[in-house]
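Q: First the structure, then my questions, so here it is.
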Amino acid sequence: MPHYQQPLDVTTLSSWEALRQHREVMQSFRMREAFQNDPQRFDEFSLSSSGLFLDYSKNLLTQETRSLLMRLAREAGLERAIHALFEGEAVNASEGRPALHTALRRPIGDRLVVDGENLIPQVHRVLNQMTELVGRIHDGLWRGYSEKPITDVVNIGIGGSFLGPQLVSEALLPFAQHGVRCHYLANIDGSEFHELSCRLRAETTLFIVSSKSFGTLETLKNAQAARTWYLAQGGTESELHRHFIAVSSNIAAAVAFGIRQENIFPMWDWVGGRYSLWSAIGLPTALAIGMANFKDLLSGAYAMDQHFLSAPFESNMPVLLAMLGVWYGNFWGAQSHAILPYDHYLRNITQHLQQLDMESNGKSVRQNGSPVSCETGPVIWGGVGCNGQHAYHQLLHQGTLLIPADFIVPVVSHNPVADHHQWLYANCLSQSQALMLGKTREEAEAELRARGMSEEQVQRLAPHKVIPGNRPSNTLVMERVSPHRLGALVALYEHKVFAQSIIWGINAFDQWGVELGKELGKNVYQRLTGHDESPAEDASTQGLIGYFRGRHRG
Ligand code: F6P
């Protein structure tokens, strides 16, 4: 299988230079004035797809900016790369494999032949296997060792084997099926295990060990702790298969752990961890919301896939978001990007997008191993509104950093309480409006004078009241959070991240950087536990080891 290579260093392209020059011209661009001068600006810079509406008019852009950004996307080979992604070329060059999360949402009957094999029937076989398990658990047919039906399912997994499924099960809580509670156990911190296990009964609990590699320390330790707990609670080795199932591409390791082969849901090396919520890694989600809703989630992602594949770049939502990110990161010096969902159910999306974006695009060499010559992925941060307004939005409004933000908000609430949703929506809009409009010195002074302040007070306070404005944001609106729209939303960001990786020429699908910490962790553990008495490589680590050992001695 040929490895995909982004052909050129993006900074050598003529469109890059054109954008650099355009950036200088845009220094004096004021969004406020652009809106005043162009009544069509909102229509010009907004679009709908797959149940999502994107308003990107509150950005530092003109039609010329958009054309230049799209020229850059074309010159960088994005069109060709999108086809390479969907057709199963080895876009993950360092690991020599494709990244085919899009295959997981393709309808039955589709064909995707990679290395001589049609992958779609395999995908649907696993979906059928999931349907059967979900049905048996929901119908009370899957029984624990004391013949009682399962009431609690615990997903043991971390990273992509946790964040995506947790996002979806919590975002779709209004669609939850009654009868089975889903829990997540991710961290190796014993307190997490303790707090969860004391709420469970072993005889009615099913553990799903979710690990693509079946080699992740935190997951294996938690799985062992769960097994010890299950046995201590009265479970037996011979009935273990009723309480432990797995999702993994490492069948041998899962079998060695004691999980029966027929209770292992396969996944494939062509699905990356942070892109795996659509696979059997989504099993806890499917148990929470039912298989029909899970398939709606897939159909929403599929709709976004089709849009990404076929819409012209100028009206292609993932491409627009990606290129706006490139615009700010590479030409305006933005180093972070805020994700601000105004919806309780979507509150975990920031964490999922942190892994998706930062583990994918936190790279500094290109696919061919040469160093990048421009900035790559930004820091992704944020959290739910309105809470953030009373915490970190101050920095967005008056700090010295330029931080583009995505506001995400549904028009309809699942739980209307008096006029709360009108206020929530109003706050979302007024935040992006305030970021864009700001407050001029004249406005600040006039406001203070209107309050009857002396001129001395006005001059003393006015500088603090000035808000620079002209700060960019996108607003993504949907009717109501639903499986279909959530699927489209998550796929939108997956494709945004991929499109950016192509511009920068990096591999969005490997994560070698996290390996060093894992390796060193083993060495530190050996020293902490006295299995290795040699000093650590550095005095700081050695001192901190000593502190721990001193506390645990005797
Ligand atoms: O350590 C990072 C990582 O490999 C992620 O990419 C992945 O999502 C997570 O660990 C969990 O991996 P696994 O599913 O193999 O346990």
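The chains in the structure tokens are called A, B, ... from first to last as shown; in each chain the residues are counted from 1, and the ligands are counted from 1 in the order shown.
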Around ligand 1, which protein and nucleic acid residues have at least one atom no more than 8 Å from it, if we count only C-alpha atoms and all ligand atoms? List them as a list in words.

A: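 Counting only C-alpha atoms and all ligand atoms, the residues within 8 Å of ligand 1 come out as Gly157, Ile158, Gly159, Gly160, Ser161, Phe162, Ser210, Ser211, Lys212, Ser213, Phe214, Gly215, Thr216, Leu217, Thr219, Ser248, Gly272, Gly273, Arg274, Glu359, Asp510, Gln511, Val514, Glu515 and Lys518 of chain A.
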
Q: Using DSSP on the backbone coordinates, identify all residues within stretch 118-341 of chain A classified as strand (DSSP E); present the result as number ranges by chain.

A: A: 118, 152-156, 181-185, 205-210, 244-248, 264-266, 336-341

Q: Excluding same-chain residues fewer than 4 positions from A:Phe313, what lies within 9 Å of it counting only C-alpha atoms, as a ChimeraX atom specification?

A: /A:70,73-74,79,308,317-320

Q: Give the answer as one residue: which of A:Cys182, A:Leu206, A:Ala462, A:Leu100 has the shortest atom-to-atom distance to A:Val113, using only C-alpha atoms?

A: A:Leu100

Q: Could you give me, as an MDAnalysis selection string, the residues within 6 Å of stretch 378-381 of chain A, counting only C-alpha atoms and dropping anything in the same chain fewer than 6 positions from it?

A: chainID A and resid 335:338 354

Q: Grab the residues selected above and save them as a CSV table (one decimal), in the first residue's frame with N, CA, C and O atoms.

A:
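Output (part-v4.csv):
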```csv
chain,number,residue,atom,x,y,z
A,335,GLN,N,-2.6,30.9,19.2
A,335,GLN,CA,-2.0,29.6,19.7
A,335,GLN,C,-3.0,28.7,20.3
A,335,GLN,O,-2.7,27.6,20.7
A,336,SER,N,-4.2,29.2,20.5
A,336,SER,CA,-5.2,28.3,21.1
A,336,SER,C,-6.5,28.6,20.4
A,336,SER,O,-6.7,29.6,19.7
A,337,HIS,N,-7.4,27.7,20.7
A,337,HIS,CA,-8.8,27.8,20.1
A,337,HIS,C,-9.8,27.3,21.1
A,337,HIS,O,-9.6,26.2,21.7
A,338,ALA,N,-10.8,28.1,21.4
A,338,ALA,CA,-11.8,27.8,22.4
A,338,ALA,C,-13.0,27.1,21.9
A,338,ALA,O,-13.5,27.5,20.8
A,354,GLN,N,-10.4,18.0,22.5
A,354,GLN,CA,-9.0,18.2,22.9
A,354,GLN,C,-8.2,17.0,22.4
A,354,GLN,O,-7.1,17.1,21.8
```

Q: If I take atom CA of A:Asp110 and atom CA of A:Val247, how far is one from the other in Å, to one decimal?

A: 24.4 Å

Q: Residues near stretch 384-398 of chain A, anyone? I mean within 10 Å using only C-alpha atoms, not counting same-chain ones fewer than 4 positions away, as a ChimeraX atom specification.

A: /A:338-350,402-405,407-409,423-425,427-428,431-432,434-436,438,464-471

Q: With N, CA, C and O atoms retained, export the selected residues as a short mmCIF file (atom, residue, chain, number, x, y, z; two decimals), in the first residue's frame.

A:
```cif
data_model
loop_
_atom_site.label_atom_id
_atom_site.label_comp_id
_atom_site.auth_asym_id
_atom_site.auth_seq_id
_atom_site.Cartn_x
_atom_site.Cartn_y
_atom_site.Cartn_z
N ALA A 338 -10.78 28.13 21.39
CA ALA A 338 -11.75 27.80 22.44
C ALA A 338 -12.99 27.12 21.86
O ALA A 338 -13.50 27.53 20.82
N ILE A 339 -13.44 26.07 22.54
CA ILE A 339 -14.67 25.38 22.16
C ILE A 339 -15.68 25.65 23.28
O ILE A 339 -15.46 25.25 24.43
N LEU A 340 -16.75 26.34 22.94
CA LEU A 340 -17.67 26.83 23.96
C LEU A 340 -19.10 26.34 23.70
O LEU A 340 -19.90 27.04 23.07
N PRO A 341 -19.42 25.13 24.16
CA PRO A 341 -20.79 24.64 23.96
C PRO A 341 -21.76 25.30 24.95
O PRO A 341 -21.46 25.37 26.14
N TYR A 342 -22.87 25.80 24.43
CA TYR A 342 -23.92 26.35 25.30
C TYR A 342 -25.02 25.32 25.38
O TYR A 342 -26.13 25.50 24.88
N ASP A 343 -24.72 24.21 26.02
CA ASP A 343 -25.70 23.14 26.17
C ASP A 343 -25.14 22.16 27.19
O ASP A 343 -24.01 21.67 27.02
N HIS A 344 -25.95 21.89 28.20
CA HIS A 344 -25.50 20.99 29.27
C HIS A 344 -25.09 19.63 28.70
O HIS A 344 -24.07 19.05 29.10
N TYR A 345 -25.86 19.12 27.76
CA TYR A 345 -25.58 17.78 27.24
C TYR A 345 -24.29 17.72 26.43
O TYR A 345 -23.69 16.67 26.29
N LEU A 346 -23.90 18.87 25.87
CA LEU A 346 -22.66 18.89 25.06
C LEU A 346 -21.43 19.31 25.87
O LEU A 346 -20.38 19.59 25.29
N ARG A 347 -21.58 19.34 27.20
CA ARG A 347 -20.50 19.91 28.00
C ARG A 347 -19.18 19.16 27.87
O ARG A 347 -18.11 19.72 28.09
N ASN A 348 -19.23 17.87 27.49
CA ASN A 348 -17.98 17.10 27.37
C ASN A 348 -17.32 17.20 25.99
O ASN A 348 -16.30 16.57 25.75
N ILE A 349 -17.92 17.96 25.10
CA ILE A 349 -17.37 17.97 23.73
C ILE A 349 -15.97 18.60 23.71
O ILE A 349 -15.11 18.20 22.93
N THR A 350 -15.72 19.54 24.61
CA THR A 350 -14.40 20.18 24.61
C THR A 350 -13.31 19.14 24.87
O THR A 350 -12.29 19.12 24.19
N LEU A 402 -4.94 36.57 21.09
CA LEU A 402 -6.03 36.37 20.12
C LEU A 402 -6.47 34.90 20.21
O LEU A 402 -5.67 34.01 19.94
N ILE A 403 -7.70 34.69 20.61
CA ILE A 403 -8.17 33.30 20.77
C ILE A 403 -9.48 33.13 19.98
O ILE A 403 -10.55 33.54 20.46
N PRO A 404 -9.41 32.54 18.81
CA PRO A 404 -10.66 32.27 18.08
C PRO A 404 -11.51 31.28 18.86
O PRO A 404 -10.98 30.41 19.58
N ALA A 405 -12.82 31.41 18.75
CA ALA A 405 -13.70 30.54 19.54
C ALA A 405 -14.81 29.97 18.66
O ALA A 405 -15.25 30.63 17.71
N PHE A 407 -18.62 28.78 19.16
CA PHE A 407 -19.80 28.67 20.03
C PHE A 407 -20.70 27.59 19.41
O PHE A 407 -20.89 27.57 18.19
N ILE A 408 -21.21 26.71 20.25
CA ILE A 408 -22.08 25.62 19.75
C ILE A 408 -23.37 25.68 20.56
O ILE A 408 -23.32 25.60 21.80
N VAL A 409 -24.50 25.82 19.88
CA VAL A 409 -25.73 26.01 20.66
C VAL A 409 -26.95 25.44 19.93
O VAL A 409 -27.10 25.62 18.73
N TRP A 423 -32.65 32.71 27.58
CA TRP A 423 -31.51 33.39 28.21
C TRP A 423 -30.18 32.73 27.84
O TRP A 423 -29.18 33.39 27.62
N LEU A 424 -30.20 31.41 27.79
CA LEU A 424 -28.96 30.68 27.44
C LEU A 424 -28.53 31.06 26.02
O LEU A 424 -27.37 31.40 25.76
N TYR A 425 -29.50 31.02 25.11
CA TYR A 425 -29.22 31.34 23.70
C TYR A 425 -28.77 32.80 23.58
O TYR A 425 -27.82 33.13 22.87
N ASN A 427 -27.30 34.59 25.82
CA ASN A 427 -25.95 34.74 26.35
C ASN A 427 -24.91 34.28 25.34
O ASN A 427 -23.86 34.91 25.17
N CYS A 428 -25.21 33.20 24.67
CA CYS A 428 -24.28 32.68 23.66
C CYS A 428 -24.06 33.73 22.58
O CYS A 428 -22.93 34.09 22.25
N GLN A 431 -22.18 36.87 23.73
CA GLN A 431 -20.73 36.70 23.91
C GLN A 431 -19.99 36.89 22.58
O GLN A 431 -19.00 37.60 22.52
N SER A 432 -20.50 36.26 21.54
CA SER A 432 -19.80 36.41 20.25
C SER A 432 -19.94 37.84 19.75
O SER A 432 -19.04 38.39 19.12
N ALA A 434 -20.18 40.53 21.72
CA ALA A 434 -19.27 41.37 22.50
C ALA A 434 -17.83 41.18 22.03
O ALA A 434 -17.07 42.15 21.93
N LEU A 435 -17.46 39.94 21.72
CA LEU A 435 -16.10 39.70 21.23
C LEU A 435 -15.86 40.48 19.93
O LEU A 435 -14.78 41.01 19.69
N MET A 436 -16.88 40.53 19.11
CA MET A 436 -16.75 41.19 17.81
C MET A 436 -16.82 42.71 17.94
O MET A 436 -15.96 43.42 17.43
N GLY A 438 -16.81 44.74 20.81
CA GLY A 438 -15.99 45.40 21.83
C GLY A 438 -16.63 46.70 22.27
O GLY A 438 -17.82 46.93 22.04
N HIS A 464 -10.06 51.00 31.59
CA HIS A 464 -10.42 49.65 32.05
C HIS A 464 -11.69 49.15 31.39
O HIS A 464 -11.95 47.95 31.35
N LYS A 465 -12.48 50.09 30.91
CA LYS A 465 -13.78 49.72 30.33
C LYS A 465 -13.70 49.48 28.83
O LYS A 465 -14.65 49.02 28.21
N VAL A 466 -12.55 49.84 28.25
CA VAL A 466 -12.40 49.64 26.80
C VAL A 466 -12.25 48.14 26.52
O VAL A 466 -11.51 47.45 27.22
N ILE A 467 -13.00 47.65 25.53
CA ILE A 467 -12.87 46.24 25.14
C ILE A 467 -12.49 46.23 23.67
O ILE A 467 -13.21 46.80 22.84
N PRO A 468 -11.33 45.65 23.35
CA PRO A 468 -10.80 45.81 21.98
C PRO A 468 -11.76 45.35 20.88
O PRO A 468 -11.82 45.95 19.82
N GLY A 469 -12.49 44.24 21.12
CA GLY A 469 -13.37 43.73 20.07
C GLY A 469 -12.59 43.20 18.89
O GLY A 469 -11.37 42.95 19.00
N ASN A 470 -13.27 43.01 17.78
CA ASN A 470 -12.64 42.48 16.55
C ASN A 470 -12.08 41.08 16.78
O ASN A 470 -11.13 40.67 16.13
N ARG A 471 -12.62 40.35 17.76
CA ARG A 471 -12.11 39.01 18.08
C ARG A 471 -13.02 37.97 17.43
O ARG A 471 -14.24 38.02 17.55
#
```

Q: Identify which of the residues A:Gly546, A:Gly282, A:Gly333, A:Gly190 lies closest to A:Leu167, counting only C-alpha atoms when measuring atom-to-atom distances.

A: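 Of A:Gly546, A:Gly282, A:Gly333, A:Gly190, the one nearest A:Leu167, counting only C-alpha atoms, is A:Gly282.
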
Q: Out of A:Glu132, A:Asp38, A:Glu87, A:Glu17, which residue has the shortest atom-to-atom distance to A:Leu283 when counting only C-alpha atoms?

A: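 Answer, going by the shortest atom-to-atom distance: A:Glu132.
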
Q: Can you check which residues of stretch 317-427 of chain A DSSP gives as helix (DSSP H, G or I) on the backbone and send them as a PyMOL selection string?

A: chain A and resi 317-331+344-346+349-361+387-390+393-398+420-427

Q: Select, from A:Gly258, A:Pro284, A:Gly530, A:Gly77, the residue with the minimum atom-to-atom distance to A:Leu133, counting only C-alpha atoms.

A: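 Closest candidate: A:Pro284.
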
Q: Using only C-alpha atoms, determine which residues lie at most 7 Å from stretch 321-331 of chain A, disregarding the query and same-chain residues fewer than 4 positions distant; provide the list as number ranges by chain.

A: A: 20, 23, 69, 317, 335, 374-375, 496-497, 499-500

Q: Take the selection from the previous step and output its residues with all heavy atoms, as a short mmCIF file (atom, residue, chain, number, x, y, z; two decimals), in the first residue's frame.

A:
```cif
data_model
loop_
_atom_site.label_atom_id
_atom_site.label_comp_id
_atom_site.auth_asym_id
_atom_site.auth_seq_id
_atom_site.Cartn_x
_atom_site.Cartn_y
_atom_site.Cartn_z
N ARG A 20 0.07 35.89 3.26
CA ARG A 20 0.94 36.66 4.14
C ARG A 20 0.80 38.16 3.84
O ARG A 20 0.66 38.99 4.73
CB ARG A 20 2.40 36.21 3.97
CG ARG A 20 3.29 36.40 5.18
CD ARG A 20 4.75 36.15 4.86
NE ARG A 20 5.23 36.89 3.67
CZ ARG A 20 5.42 38.19 3.61
NH1 ARG A 20 5.24 38.94 4.68
NH2 ARG A 20 5.83 38.78 2.49
N ARG A 23 -2.64 39.39 4.87
CA ARG A 23 -2.72 39.57 6.33
C ARG A 23 -2.33 41.00 6.72
O ARG A 23 -2.95 41.60 7.60
CB ARG A 23 -1.80 38.53 7.01
CG ARG A 23 -1.37 38.84 8.42
CD ARG A 23 -2.53 38.74 9.40
NE ARG A 23 -2.11 39.06 10.76
CZ ARG A 23 -2.10 40.27 11.29
NH1 ARG A 23 -2.50 41.31 10.58
NH2 ARG A 23 -1.71 40.46 12.53
N LEU A 69 -7.67 31.53 1.03
CA LEU A 69 -7.57 30.33 1.87
C LEU A 69 -7.93 29.07 1.07
O LEU A 69 -7.29 28.02 1.21
CB LEU A 69 -8.48 30.45 3.10
CG LEU A 69 -8.01 31.44 4.19
CD1 LEU A 69 -9.10 31.68 5.23
CD2 LEU A 69 -6.74 30.93 4.87
N MET A 317 -18.19 22.89 5.01
CA MET A 317 -18.08 23.30 6.42
C MET A 317 -16.75 22.89 7.07
O MET A 317 -16.08 23.72 7.68
CB MET A 317 -19.27 22.73 7.20
CG MET A 317 -19.82 23.66 8.21
SD MET A 317 -21.16 22.90 9.14
CE MET A 317 -22.57 23.66 8.39
N GLN A 335 -2.57 30.90 19.23
CA GLN A 335 -1.97 29.64 19.69
C GLN A 335 -2.98 28.72 20.32
O GLN A 335 -2.66 27.59 20.68
CB GLN A 335 -0.86 29.94 20.69
CG GLN A 335 0.29 30.70 20.03
CD GLN A 335 1.52 30.75 20.88
OE1 GLN A 335 1.44 30.68 22.09
NE2 GLN A 335 2.67 30.88 20.25
N CYS A 374 6.08 25.79 9.80
CA CYS A 374 5.07 26.73 10.31
C CYS A 374 4.44 26.11 11.55
O CYS A 374 4.66 24.93 11.83
CB CYS A 374 4.01 26.99 9.25
SG CYS A 374 3.12 25.52 8.74
N GLU A 375 3.64 26.90 12.26
CA GLU A 375 2.95 26.36 13.43
C GLU A 375 1.96 25.29 12.99
O GLU A 375 1.39 25.37 11.90
CB GLU A 375 2.18 27.46 14.17
CG GLU A 375 3.00 28.66 14.61
CD GLU A 375 4.07 28.32 15.63
OE1 GLU A 375 3.93 27.30 16.33
OE2 GLU A 375 5.07 29.06 15.70
N LYS A 496 -12.31 18.61 9.97
CA LYS A 496 -11.57 19.87 10.12
C LYS A 496 -10.11 19.56 10.47
O LYS A 496 -9.17 20.08 9.88
CB LYS A 496 -12.21 20.72 11.23
CG LYS A 496 -11.38 21.93 11.59
CD LYS A 496 -11.72 22.53 12.94
CE LYS A 496 -10.61 23.48 13.35
NZ LYS A 496 -10.81 24.17 14.61
N VAL A 497 -9.94 18.68 11.45
CA VAL A 497 -8.60 18.32 11.92
C VAL A 497 -7.80 17.68 10.79
O VAL A 497 -6.62 17.98 10.57
CB VAL A 497 -8.73 17.37 13.15
CG1 VAL A 497 -7.42 16.68 13.47
CG2 VAL A 497 -9.24 18.15 14.36
N ALA A 499 -8.25 18.06 7.53
CA ALA A 499 -7.94 19.06 6.49
C ALA A 499 -6.73 19.90 6.93
O ALA A 499 -5.82 20.18 6.13
CB ALA A 499 -9.15 19.94 6.22
N GLN A 500 -6.69 20.26 8.21
CA GLN A 500 -5.54 21.06 8.67
C GLN A 500 -4.24 20.26 8.60
O GLN A 500 -3.20 20.78 8.23
CB GLN A 500 -5.78 21.53 10.12
CG GLN A 500 -6.90 22.55 10.19
CD GLN A 500 -7.09 23.14 11.58
OE1 GLN A 500 -6.84 22.47 12.57
NE2 GLN A 500 -7.56 24.38 11.64
#
```
